[in-house]
2 protein chains.
Amino acid sequence: MRKLKTSRQPEILDAALAIADERGLDALSMRAVAERVGVTPMALYGYFRNKDELLDALVGRLLTGLTPSEAAGTWQERLSEIAQATRRLAREHPAVFPLLLFRASVTPDGVRVVDLIYQALLDAGVPEADVPRIERLVSTFVLGFAISEVNGRFSSASDESRTRRGADLPAHRRLAGRLAVDDWDAEFAADLADLMRIIRPV
Amino acid sequence: MRKLKTSRQPEILDAALAIADERGLDALSMRAVAERVGVTPMALYGYFRNKDELLDALVGRLLTGLTPSEAAGTWQERLSEIAQATRRLAREHPAVFPLLLFRASVTPDGVRVVDLIYQALLDAGVPEADVPRIERLVSTFVLGFAISEVNGRFSSASDESRTRRGADLPAHRRLAGRLAVDDWDAEFAADLADLMRIIRPV
DNA sequence: GTAGACTGCTCTACACTGTAGACTGATGCC
DNA sequence: GGCATCAGTCTACAGTGTAGAGCAGTCTAC
């Protein structure tokens with residue numbers, strides 16, 4: 001089968017996303033998806049050439065949800081909107097989200113988001129020569145932040161244990177009491193504000 | 001077996017790292033590691049409780065190589081040194097590197113790197129209350145950049161194809177010709193310079 | 001009205017994965 | 001000698017992605 005069927009692709013992706021959301025990425029097997037769709041595992045291979053392609057399509061589906069409904073407002077508002085939508089997406093689909101960092105987002109919807117960012121940066125007065133770089137800088141950070149957040153890289157669980165062995169960690173000791181974070185929304189907002197200052201110094 | 005043996009842990013991790021470097025993360029199976037060590041798969045379970053723990057240890061081993069030999073120079077030089085070392089690491093071990101973003105780096109060496117960054121930020125005059133946040137901002141970006149680079153998220157392969165369908169991508173069309181990147185070293189350096197301006201406005 | 005092609009799917013099978021459980025042979029201690 | 005501990009093996013199980021063959025139904029052409 002050279003040409004793939006498309007009719008039930010959305011249905012299959014819905015099933016895959018639901019499984020990942022409910023039981024994690026490890027549970028996302030071809031067999032599990034097939035069962036949920038009510039079909040034999042091998043039937044899926046009429047719609048996606050293999051599991052990797054299915055995952056790619058899943059990333060594409062996620063990106064579709066990223067495009068903001070309204071593309072209005074100041075450039076700061078628009079950038080902020082996209083960043084927040086990205087973070088929201090990560091929280092809604094923590095298991096699948098990290099795939100965004102690995103599977104190059106060349107889907108039409110992915111490119112459309114990039115275009116919106118380009119436009120915001122141009123409106124902000126970023127020199128044309130710098131726009132693509134700044135876009136990569138910002139989106140890399142936003143993706144990285146969202147992933148770190150949902151994956152617990154920022155886990156402060158061990159903050160206290162860190163400071164306890166302060167002997168060889170002078171800076172940690174000095175910062176004791178400031179390591180815990182209670183408001184990630186505020187942290188993210190502060191980060192964005194800092195990045196905005198890169199985009200247009202005030 | 002409650003308590004784990006440690007004697008051959010380094011040897012096992014070396015084998016695991018070599019396999020990942022040579023044949024990718026997918027090829028990193030317990031059986032493959034065991035064969036390379038010259039032992040039965042089940043023998044590994046005397047040294048690591050399961051595959052996840054082995055991977056965690058692998059991340060720890062990577063981080064050990066991150067700690068700079070010299071902790072001297074201006075704060076800019078020190079931060080830059082760590083950032084470049086991180087990027088170098090990603091290129092040396094592209095398959096394993098992404099694990100850094102997912103497996104919280106609470107190993108002693110990981111914390112030591114964080115401490116060095118804290119110290120650099122303090123030296124730069126960052127208010128104590130902001131130091132941990134800025135550390136997360138910078139390290140999130142650096143990790144994200146390195147991963148994106150080795151994983152091809154920045155792939156410019158499709159840049160031309162993007163601009164071709166310029167109709168609904170106005171900003172892309174306007175930036176045509178500026179989308180290709182030939183020097184990632186320069187891009188990374190420029191990004192770092194921008195981030196330094198967040199740390200201490202000039 | 002029947003032959004042939006096409007579609008959408010199933011069934012079986014293979015090589016591979018992580019790892020639980022039981023075992024063996026060697027070493028060191030009393 | 002007797003026993004415990006250790007390092008490693010062997011077997012087995014449930015699960016994975018997917019190749020290859022086959023099968024019932026529908027559409028088209030003569």
# chains A, B, ... in the order shown; residues from 1 in each chain; ligands from 1

$ residues_around --residues "segment 38-53 of chain B" --least-positions-apart "3" --cutoff "8 Å" --atoms "only C-alpha atoms (C1' of nucleotides)" --output "PyMOL selection string"
(chain B and resi 1+4-6+8-9+12+30-31+33-35+56-57) or (chain C and resi 18-19) or (chain D and resi 7-9)

$ write_last_selection --atoms "N, CA and C atoms (P, O5', C5', C4', C3', O3' and C1' of nucleotides)" --output "PDB file, in the first residue's frame"
ATOM      1  N   MET B   1      17.293  -8.720  46.107  1.00  0.00           N
ATOM      2  CA  MET B   1      18.526  -7.901  46.269  1.00  0.00           C
ATOM      3  C   MET B   1      18.129  -6.450  46.537  1.00  0.00           C
ATOM      4  N   LEU B   4      22.414  -2.507  46.003  1.00  0.00           N
ATOM      5  CA  LEU B   4      22.986  -2.715  44.681  1.00  0.00           C
ATOM      6  C   LEU B   4      24.500  -2.760  44.739  1.00  0.00           C
ATOM      7  N   LYS B   5      25.063  -3.542  43.868  1.00  0.00           N
ATOM      8  CA  LYS B   5      26.521  -3.561  43.707  1.00  0.00           C
ATOM      9  C   LYS B   5      26.946  -2.315  42.941  1.00  0.00           C
ATOM     10  N   THR B   6      28.123  -1.861  43.178  1.00  0.00           N
ATOM     11  CA  THR B   6      28.586  -0.648  42.489  1.00  0.00           C
ATOM     12  C   THR B   6      29.840  -0.907  41.661  1.00  0.00           C
ATOM     13  N   ARG B   8      30.947  -2.606  39.167  1.00  0.00           N
ATOM     14  CA  ARG B   8      31.048  -2.535  37.709  1.00  0.00           C
ATOM     15  C   ARG B   8      30.114  -1.501  37.094  1.00  0.00           C
ATOM     16  N   GLN B   9      29.541  -0.639  37.932  1.00  0.00           N
ATOM     17  CA  GLN B   9      28.624   0.362  37.389  1.00  0.00           C
ATOM     18  C   GLN B   9      29.257   1.229  36.301  1.00  0.00           C
ATOM     19  N   ILE B  12      29.509  -0.572  33.074  1.00  0.00           N
ATOM     20  CA  ILE B  12      28.201  -0.755  32.432  1.00  0.00           C
ATOM     21  C   ILE B  12      27.744   0.540  31.765  1.00  0.00           C
ATOM     22  N   MET B  30      18.695  -3.428  27.406  1.00  0.00           N
ATOM     23  CA  MET B  30      19.426  -4.138  28.440  1.00  0.00           C
ATOM     24  C   MET B  30      20.243  -5.269  27.836  1.00  0.00           C
ATOM     25  N   ARG B  31      19.656  -5.937  26.881  1.00  0.00           N
ATOM     26  CA  ARG B  31      20.365  -7.047  26.239  1.00  0.00           C
ATOM     27  C   ARG B  31      21.621  -6.561  25.535  1.00  0.00           C
ATOM     28  N   VAL B  33      23.387  -3.851  26.176  1.00  0.00           N
ATOM     29  CA  VAL B  33      24.396  -3.458  27.167  1.00  0.00           C
ATOM     30  C   VAL B  33      25.061  -4.695  27.754  1.00  0.00           C
ATOM     31  N   ALA B  34      24.232  -5.654  28.106  1.00  0.00           N
ATOM     32  CA  ALA B  34      24.767  -6.868  28.722  1.00  0.00           C
ATOM     33  C   ALA B  34      25.772  -7.551  27.797  1.00  0.00           C
ATOM     34  N   GLU B  35      25.385  -7.650  26.554  1.00  0.00           N
ATOM     35  CA  GLU B  35      26.280  -8.327  25.606  1.00  0.00           C
ATOM     36  C   GLU B  35      27.611  -7.607  25.522  1.00  0.00           C
ATOM     37  N   ASP B  56      19.068   7.017  34.407  1.00  0.00           N
ATOM     38  CA  ASP B  56      19.337   8.110  35.338  1.00  0.00           C
ATOM     39  C   ASP B  56      20.828   8.207  35.630  1.00  0.00           C
ATOM     40  N   ALA B  57      21.417   7.054  35.871  1.00  0.00           N
ATOM     41  CA  ALA B  57      22.851   7.047  36.162  1.00  0.00           C
ATOM     42  C   ALA B  57      23.642   7.548  34.964  1.00  0.00           C
TER      43      ALA B  57
ATOM     44  P    DG C  18      15.182  -3.461  26.896  1.00  0.00           P
ATOM     45  O5'  DG C  18      14.080  -3.710  28.037  1.00  0.00           O
ATOM     46  C5'  DG C  18      13.156  -2.679  28.338  1.00  0.00           C
ATOM     47  C4'  DG C  18      12.271  -3.114  29.497  1.00  0.00           C
ATOM     48  C3'  DG C  18      13.013  -3.350  30.811  1.00  0.00           C
ATOM     49  O3'  DG C  18      12.175  -2.956  31.893  1.00  0.00           O
ATOM     50  C1'  DG C  18      12.035  -5.374  30.109  1.00  0.00           C
ATOM     51  P    DT C  19      12.799  -2.954  33.358  1.00  0.00           P
ATOM     52  O5'  DT C  19      12.515  -4.444  33.861  1.00  0.00           O
ATOM     53  C5'  DT C  19      11.188  -4.816  34.189  1.00  0.00           C
ATOM     54  C4'  DT C  19      11.155  -6.272  34.536  1.00  0.00           C
ATOM     55  C3'  DT C  19      12.115  -6.694  35.668  1.00  0.00           C
ATOM     56  O3'  DT C  19      11.408  -7.536  36.569  1.00  0.00           O
ATOM     57  C1'  DT C  19      12.258  -8.167  33.901  1.00  0.00           C
TER      58       DT C  19
ATOM     59  P    DA D   7      28.946  -9.155  44.348  1.00  0.00           P
ATOM     60  O5'  DA D   7      28.948 -10.130  43.084  1.00  0.00           O
ATOM     61  C5'  DA D   7      30.130 -10.868  42.801  1.00  0.00           C
ATOM     62  C4'  DA D   7      29.933 -11.627  41.514  1.00  0.00           C
ATOM     63  C3'  DA D   7      29.219 -10.815  40.433  1.00  0.00           C
ATOM     64  O3'  DA D   7      29.905 -11.020  39.208  1.00  0.00           O
ATOM     65  C1'  DA D   7      27.991 -12.796  40.916  1.00  0.00           C
ATOM     66  P    DG D   8      29.399 -10.278  37.907  1.00  0.00           P
ATOM     67  O5'  DG D   8      28.529 -11.419  37.218  1.00  0.00           O
ATOM     68  C5'  DG D   8      29.174 -12.632  36.872  1.00  0.00           C
ATOM     69  C4'  DG D   8      28.118 -13.697  36.664  1.00  0.00           C
ATOM     70  C3'  DG D   8      27.134 -13.378  35.540  1.00  0.00           C
ATOM     71  O3'  DG D   8      27.474 -14.135  34.378  1.00  0.00           O
ATOM     72  C1'  DG D   8      26.116 -14.402  37.447  1.00  0.00           C
ATOM     73  P    DT D   9      26.508 -14.082  33.158  1.00  0.00           P
ATOM     74  O5'  DT D   9      25.634 -15.395  33.407  1.00  0.00           O
ATOM     75  C5'  DT D   9      26.294 -16.643  33.631  1.00  0.00           C
ATOM     76  C4'  DT D   9      25.251 -17.740  33.748  1.00  0.00           C
ATOM     77  C3'  DT D   9      24.319 -17.830  32.543  1.00  0.00           C
ATOM     78  O3'  DT D   9      24.225 -19.175  32.100  1.00  0.00           O
ATOM     79  C1'  DT D   9      23.061 -17.621  34.554  1.00  0.00           C
TER      80       DT D   9
END

$ calpha_fit_and_write --fixed "chain B" --moving "chain A" --output "PDB file with C-alpha atoms, in the first residue's frame"
ATOM      1  CA  MET A   1      18.404  -8.031  46.120  1.00  0.00           C
ATOM      2  CA  ARG A   2      17.727  -4.845  48.019  1.00  0.00           C
ATOM      3  CA  LYS A   3      21.201  -3.376  47.968  1.00  0.00           C
ATOM      4  CA  LEU A   4      22.840  -2.793  44.629  1.00  0.00           C
ATOM      5  CA  LYS A   5      26.355  -3.631  43.681  1.00  0.00           C
ATOM      6  CA  THR A   6      28.451  -0.715  42.520  1.00  0.00           C
ATOM      7  CA  SER A   7      31.703  -2.303  41.438  1.00  0.00           C
ATOM      8  CA  ARG A   8      30.959  -2.564  37.750  1.00  0.00           C
ATOM      9  CA  GLN A   9      28.528   0.330  37.425  1.00  0.00           C
ATOM     10  CA  PRO A  10      31.001   2.586  35.594  1.00  0.00           C
ATOM     11  CA  GLU A  11      31.849  -0.182  33.179  1.00  0.00           C
ATOM     12  CA  ILE A  12      28.163  -0.771  32.470  1.00  0.00           C
ATOM     13  CA  LEU A  13      27.491   2.925  31.947  1.00  0.00           C
ATOM     14  CA  ASP A  14      30.440   3.160  29.591  1.00  0.00           C
ATOM     15  CA  ALA A  15      28.989   0.334  27.547  1.00  0.00           C
ATOM     16  CA  ALA A  16      25.546   1.931  27.520  1.00  0.00           C
ATOM     17  CA  LEU A  17      26.924   5.279  26.438  1.00  0.00           C
ATOM     18  CA  ALA A  18      28.977   3.698  23.691  1.00  0.00           C
ATOM     19  CA  ILE A  19      25.957   1.874  22.313  1.00  0.00           C
ATOM     20  CA  ALA A  20      23.828   4.999  22.342  1.00  0.00           C
ATOM     21  CA  ASP A  21      26.565   6.995  20.648  1.00  0.00           C
ATOM     22  CA  GLU A  22      27.133   4.407  17.971  1.00  0.00           C
ATOM     23  CA  ARG A  23      23.646   3.171  17.260  1.00  0.00           C
ATOM     24  CA  GLY A  24      21.189   5.562  18.857  1.00  0.00           C
ATOM     25  CA  LEU A  25      18.966   5.540  21.871  1.00  0.00           C
ATOM     26  CA  ASP A  26      16.629   2.931  20.425  1.00  0.00           C
ATOM     27  CA  ALA A  27      19.463   0.448  20.251  1.00  0.00           C
ATOM     28  CA  LEU A  28      20.201   0.954  23.920  1.00  0.00           C
ATOM     29  CA  SER A  29      18.551  -2.186  25.270  1.00  0.00           C
ATOM     30  CA  MET A  30      19.443  -4.124  28.360  1.00  0.00           C
ATOM     31  CA  ARG A  31      20.389  -7.013  26.150  1.00  0.00           C
ATOM     32  CA  ALA A  32      22.729  -4.881  24.062  1.00  0.00           C
ATOM     33  CA  VAL A  33      24.429  -3.447  27.132  1.00  0.00           C
ATOM     34  CA  ALA A  34      24.781  -6.879  28.668  1.00  0.00           C
ATOM     35  CA  GLU A  35      26.314  -8.318  25.565  1.00  0.00           C
ATOM     36  CA  ARG A  36      28.839  -5.506  25.402  1.00  0.00           C
ATOM     37  CA  VAL A  37      29.783  -5.966  29.010  1.00  0.00           C
ATOM     38  CA  GLY A  38      30.100  -9.678  28.357  1.00  0.00           C
ATOM     39  CA  VAL A  39      27.372 -10.780  30.678  1.00  0.00           C
ATOM     40  CA  THR A  40      23.772 -11.964  30.736  1.00  0.00           C
ATOM     41  CA  PRO A  41      21.039  -9.297  30.615  1.00  0.00           C
ATOM     42  CA  MET A  42      19.784 -10.240  34.031  1.00  0.00           C
ATOM     43  CA  ALA A  43      23.199  -9.647  35.554  1.00  0.00           C
ATOM     44  CA  LEU A  44      22.662  -5.908  35.048  1.00  0.00           C
ATOM     45  CA  TYR A  45      19.825  -5.951  37.509  1.00  0.00           C
ATOM     46  CA  GLY A  46      22.300  -6.457  40.272  1.00  0.00           C
ATOM     47  CA  TYR A  47      23.703  -3.011  39.500  1.00  0.00           C
ATOM     48  CA  PHE A  48      20.610  -1.067  38.503  1.00  0.00           C
ATOM     49  CA  ARG A  49      17.119  -1.776  39.701  1.00  0.00           C
ATOM     50  CA  ASN A  50      15.732  -1.378  36.213  1.00  0.00           C
ATOM     51  CA  LYS A  51      16.395   0.315  32.905  1.00  0.00           C
ATOM     52  CA  ASP A  52      15.108   3.675  34.087  1.00  0.00           C
ATOM     53  CA  GLU A  53      17.631   3.727  36.894  1.00  0.00           C
ATOM     54  CA  LEU A  54      20.361   2.866  34.459  1.00  0.00           C
ATOM     55  CA  LEU A  55      19.348   5.816  32.300  1.00  0.00           C
ATOM     56  CA  ASP A  56      19.278   8.089  35.314  1.00  0.00           C
ATOM     57  CA  ALA A  57      22.778   7.027  36.166  1.00  0.00           C
ATOM     58  CA  LEU A  58      23.780   7.683  32.584  1.00  0.00           C
ATOM     59  CA  VAL A  59      22.524  11.242  32.889  1.00  0.00           C
ATOM     60  CA  GLY A  60      24.548  11.592  36.039  1.00  0.00           C
ATOM     61  CA  ARG A  61      27.610  10.429  34.204  1.00  0.00           C
ATOM     62  CA  LEU A  62      27.051  13.001  31.480  1.00  0.00           C
ATOM     63  CA  LEU A  63      26.764  15.763  34.027  1.00  0.00           C
ATOM     64  CA  THR A  64      30.067  14.835  35.548  1.00  0.00           C
ATOM     65  CA  GLY A  65      31.693  15.812  32.299  1.00  0.00           C
ATOM     66  CA  LEU A  66      30.016  19.186  32.436  1.00  0.00           C
ATOM     67  CA  THR A  67      31.741  20.618  35.436  1.00  0.00           C
ATOM     68  CA  PRO A  68      34.357  23.006  34.131  1.00  0.00           C
ATOM     69  CA  SER A  69      37.902  22.320  35.091  1.00  0.00           C
ATOM     70  CA  GLU A  70      38.634  25.940  35.810  1.00  0.00           C
ATOM     71  CA  ALA A  71      36.180  28.111  37.642  1.00  0.00           C
ATOM     72  CA  ALA A  72      37.960  31.348  36.984  1.00  0.00           C
ATOM     73  CA  GLY A  73      37.415  34.415  34.891  1.00  0.00           C
ATOM     74  CA  THR A  74      34.676  36.999  34.725  1.00  0.00           C
ATOM     75  CA  TRP A  75      31.119  35.890  35.313  1.00  0.00           C
ATOM     76  CA  GLN A  76      30.483  36.216  31.594  1.00  0.00           C
ATOM     77  CA  GLU A  77      33.366  33.942  30.785  1.00  0.00           C
ATOM     78  CA  ARG A  78      32.265  31.389  33.330  1.00  0.00           C
ATOM     79  CA  LEU A  79      28.675  31.320  32.111  1.00  0.00           C
ATOM     80  CA  SER A  80      29.829  31.129  28.562  1.00  0.00           C
ATOM     81  CA  GLU A  81      32.157  28.283  29.376  1.00  0.00           C
ATOM     82  CA  ILE A  82      29.360  26.243  30.936  1.00  0.00           C
ATOM     83  CA  ALA A  83      27.027  26.969  28.051  1.00  0.00           C
ATOM     84  CA  GLN A  84      29.592  25.941  25.493  1.00  0.00           C
ATOM     85  CA  ALA A  85      30.465  22.817  27.430  1.00  0.00           C
ATOM     86  CA  THR A  86      26.794  21.899  27.455  1.00  0.00           C
ATOM     87  CA  ARG A  87      26.550  22.320  23.743  1.00  0.00           C
ATOM     88  CA  ARG A  88      29.724  20.323  23.212  1.00  0.00           C
ATOM     89  CA  LEU A  89      28.275  17.557  25.311  1.00  0.00           C
ATOM     90  CA  ALA A  90      25.161  17.512  23.164  1.00  0.00           C
ATOM     91  CA  ARG A  91      27.229  17.061  20.067  1.00  0.00           C
ATOM     92  CA  GLU A  92      29.338  14.318  21.561  1.00  0.00           C
ATOM     93  CA  HIS A  93      26.342  12.380  22.789  1.00  0.00           C
ATOM     94  CA  PRO A  94      23.359  13.490  20.735  1.00  0.00           C
ATOM     95  CA  ALA A  95      21.344  10.383  21.481  1.00  0.00           C
ATOM     96  CA  VAL A  96      21.534  10.515  25.254  1.00  0.00           C
ATOM     97  CA  PHE A  97      21.644  14.256  25.687  1.00  0.00           C
ATOM     98  CA  PRO A  98      17.899  14.867  25.495  1.00  0.00           C
ATOM     99  CA  LEU A  99      17.502  12.791  28.614  1.00  0.00           C
ATOM    100  CA  LEU A 100      18.938  15.743  30.503  1.00  0.00           C
ATOM    101  CA  LEU A 101      15.721  17.628  29.949  1.00  0.00           C
ATOM    102  CA  PHE A 102      13.578  14.848  31.290  1.00  0.00           C
ATOM    103  CA  ARG A 103      15.426  13.208  34.097  1.00  0.00           C
ATOM    104  CA  ALA A 104      15.667  15.778  36.834  1.00  0.00           C
ATOM    105  CA  SER A 105      19.309  16.454  37.395  1.00  0.00           C
ATOM    106  CA  VAL A 106      19.580  16.019  41.087  1.00  0.00           C
ATOM    107  CA  THR A 107      22.852  14.194  40.944  1.00  0.00           C
ATOM    108  CA  PRO A 108      25.677  15.769  42.922  1.00  0.00           C
ATOM    109  CA  ASP A 109      27.439  16.871  39.777  1.00  0.00           C
ATOM    110  CA  GLY A 110      24.283  18.421  38.399  1.00  0.00           C
ATOM    111  CA  VAL A 111      23.809  20.473  41.519  1.00  0.00           C
ATOM    112  CA  ARG A 112      27.410  21.546  41.420  1.00  0.00           C
ATOM    113  CA  VAL A 113      26.960  23.020  37.956  1.00  0.00           C
ATOM    114  CA  VAL A 114      23.881  24.868  39.167  1.00  0.00           C
ATOM    115  CA  ASP A 115      25.893  26.247  42.028  1.00  0.00           C
ATOM    116  CA  LEU A 116      28.512  27.598  39.666  1.00  0.00           C
ATOM    117  CA  ILE A 117      25.806  29.341  37.683  1.00  0.00           C
ATOM    118  CA  TYR A 118      24.288  30.783  40.834  1.00  0.00           C
ATOM    119  CA  GLN A 119      27.682  32.148  41.766  1.00  0.00           C
ATOM    120  CA  ALA A 120      28.211  33.719  38.373  1.00  0.00           C
ATOM    121  CA  LEU A 121      24.814  35.386  38.537  1.00  0.00           C
ATOM    122  CA  LEU A 122      25.511  36.696  42.021  1.00  0.00           C
ATOM    123  CA  ASP A 123      28.823  38.072  40.810  1.00  0.00           C
ATOM    124  CA  ALA A 124      26.984  39.727  37.958  1.00  0.00           C
ATOM    125  CA  GLY A 125      24.912  41.626  40.448  1.00  0.00           C
ATOM    126  CA  VAL A 126      21.624  39.813  39.951  1.00  0.00           C
ATOM    127  CA  PRO A 127      19.434  40.359  43.016  1.00  0.00           C
ATOM    128  CA  GLU A 128      19.391  37.278  45.210  1.00  0.00           C
ATOM    129  CA  ALA A 129      15.658  36.945  44.796  1.00  0.00           C
ATOM    130  CA  ASP A 130      16.061  36.618  41.040  1.00  0.00           C
ATOM    131  CA  VAL A 131      19.049  34.299  40.867  1.00  0.00           C
ATOM    132  CA  PRO A 132      17.248  30.945  40.874  1.00  0.00           C
ATOM    133  CA  ARG A 133      14.761  32.106  38.281  1.00  0.00           C
ATOM    134  CA  ILE A 134      17.424  33.459  35.976  1.00  0.00           C
ATOM    135  CA  GLU A 135      19.386  30.260  36.377  1.00  0.00           C
ATOM    136  CA  ARG A 136      16.368  28.275  35.242  1.00  0.00           C
ATOM    137  CA  LEU A 137      15.775  30.671  32.375  1.00  0.00           C
ATOM    138  CA  VAL A 138      19.303  30.413  31.080  1.00  0.00           C
ATOM    139  CA  SER A 139      19.735  26.694  31.577  1.00  0.00           C
ATOM    140  CA  THR A 140      16.360  25.969  30.044  1.00  0.00           C
ATOM    141  CA  PHE A 141      17.350  27.882  26.981  1.00  0.00           C
ATOM    142  CA  VAL A 142      20.784  26.317  26.710  1.00  0.00           C
ATOM    143  CA  LEU A 143      19.447  22.801  27.089  1.00  0.00           C
ATOM    144  CA  GLY A 144      16.635  23.510  24.662  1.00  0.00           C
ATOM    145  CA  PHE A 145      18.982  24.983  22.110  1.00  0.00           C
ATOM    146  CA  ALA A 146      21.417  22.114  22.301  1.00  0.00           C
ATOM    147  CA  ILE A 147      18.666  19.549  21.981  1.00  0.00           C
ATOM    148  CA  SER A 148      17.005  21.366  19.117  1.00  0.00           C
ATOM    149  CA  GLU A 149      20.310  21.548  17.338  1.00  0.00           C
ATOM    150  CA  VAL A 150      21.175  17.878  17.565  1.00  0.00           C
ATOM    151  CA  ASN A 151      17.627  16.771  16.938  1.00  0.00           C
ATOM    152  CA  GLY A 152      17.058  18.836  13.850  1.00  0.00           C
ATOM    153  CA  ARG A 153      14.199  20.924  15.146  1.00  0.00           C
ATOM    154  CA  PHE A 154      16.037  23.860  13.648  1.00  0.00           C
ATOM    155  CA  SER A 155      16.310  21.970  10.412  1.00  0.00           C
ATOM    156  CA  SER A 156      16.263  24.559   7.701  1.00  0.00           C
ATOM    157  CA  ALA A 157      15.612  21.830   5.176  1.00  0.00           C
ATOM    158  CA  SER A 158      12.159  23.120   4.563  1.00  0.00           C
ATOM    159  CA  ASP A 159      12.861  26.807   4.648  1.00  0.00           C
ATOM    160  CA  GLU A 160      12.560  27.228   0.947  1.00  0.00           C
ATOM    161  CA  SER A 161       9.464  25.108   0.757  1.00  0.00           C
ATOM    162  CA  ARG A 162       8.004  27.270   3.452  1.00  0.00           C
ATOM    163  CA  THR A 163       8.523  30.502   1.656  1.00  0.00           C
ATOM    164  CA  ARG A 164       7.176  29.075  -1.551  1.00  0.00           C
ATOM    165  CA  ARG A 165       3.645  28.924  -0.254  1.00  0.00           C
ATOM    166  CA  GLY A 166       3.953  32.519   0.842  1.00  0.00           C
ATOM    167  CA  ALA A 167       0.333  33.420   0.338  1.00  0.00           C
ATOM    168  CA  ASP A 168      -0.791  32.876   3.894  1.00  0.00           C
ATOM    169  CA  LEU A 169       2.644  33.394   5.395  1.00  0.00           C
ATOM    170  CA  PRO A 170       3.303  37.074   4.929  1.00  0.00           C
ATOM    171  CA  ALA A 171       6.149  37.369   7.404  1.00  0.00           C
ATOM    172  CA  HIS A 172       7.950  34.400   5.882  1.00  0.00           C
ATOM    173  CA  ARG A 173       7.727  36.010   2.488  1.00  0.00           C
ATOM    174  CA  ARG A 174       9.096  39.248   3.782  1.00  0.00           C
ATOM    175  CA  LEU A 175      11.992  37.418   5.403  1.00  0.00           C
ATOM    176  CA  ALA A 176      12.754  35.239   2.428  1.00  0.00           C
ATOM    177  CA  GLY A 177      16.487  34.886   2.074  1.00  0.00           C
ATOM    178  CA  ARG A 178      17.114  35.446   5.735  1.00  0.00           C
ATOM    179  CA  LEU A 179      15.800  32.112   6.927  1.00  0.00           C
ATOM    180  CA  ALA A 180      18.793  29.963   6.182  1.00  0.00           C
ATOM    181  CA  VAL A 181      21.444  29.670   8.862  1.00  0.00           C
ATOM    182  CA  ASP A 182      24.979  28.748   8.104  1.00  0.00           C
ATOM    183  CA  ASP A 183      26.697  29.408  11.400  1.00  0.00           C
ATOM    184  CA  TRP A 184      25.110  27.957  14.484  1.00  0.00           C
ATOM    185  CA  ASP A 185      28.108  28.893  16.575  1.00  0.00           C
ATOM    186  CA  ALA A 186      27.467  32.515  15.759  1.00  0.00           C
ATOM    187  CA  GLU A 187      23.772  32.173  16.458  1.00  0.00           C
ATOM    188  CA  PHE A 188      24.425  30.595  19.825  1.00  0.00           C
ATOM    189  CA  ALA A 189      26.940  33.290  20.701  1.00  0.00           C
ATOM    190  CA  ALA A 190      24.471  36.000  19.760  1.00  0.00           C
ATOM    191  CA  ASP A 191      21.799  34.350  21.874  1.00  0.00           C
ATOM    192  CA  LEU A 192      24.146  34.200  24.827  1.00  0.00           C
ATOM    193  CA  ALA A 193      25.031  37.835  24.386  1.00  0.00           C
ATOM    194  CA  ASP A 194      21.344  38.718  24.442  1.00  0.00           C
ATOM    195  CA  LEU A 195      20.828  36.700  27.592  1.00  0.00           C
ATOM    196  CA  MET A 196      23.763  38.420  29.225  1.00  0.00           C
ATOM    197  CA  ARG A 197      21.917  41.667  28.663  1.00  0.00           C
ATOM    198  CA  ILE A 198      19.040  40.272  30.680  1.00  0.00           C
ATOM    199  CA  ILE A 199      21.424  39.380  33.452  1.00  0.00           C
ATOM    200  CA  ARG A 200      23.074  42.750  33.513  1.00  0.00           C
ATOM    201  CA  PRO A 201      21.699  45.501  31.318  1.00  0.00           C
ATOM    202  CA  VAL A 202      24.473  47.456  29.695  1.00  0.00           C
TER     203      VAL A 202
END

$ closest_residue --among "D:DA4, D:DC10, D:DC30, D:DA24" --to "chain B" --atoms "only C-alpha atoms (C1' of nucleotides)"
D:DC10

$ interface_residues --of "chain D" --to "chain A" --cutoff "9 Å" --atoms "only C-alpha atoms (C1' of nucleotides)" --output "list of chain:residue names"
D:DT16, D:DG17, D:DT18

$ interface_residues --of "chain C" --to "chain A" --cutoff "10 Å" --atoms "only C-alpha atoms (C1' of nucleotides)" --output "MDAnalysis selection string"
chainID C and resid 7:11
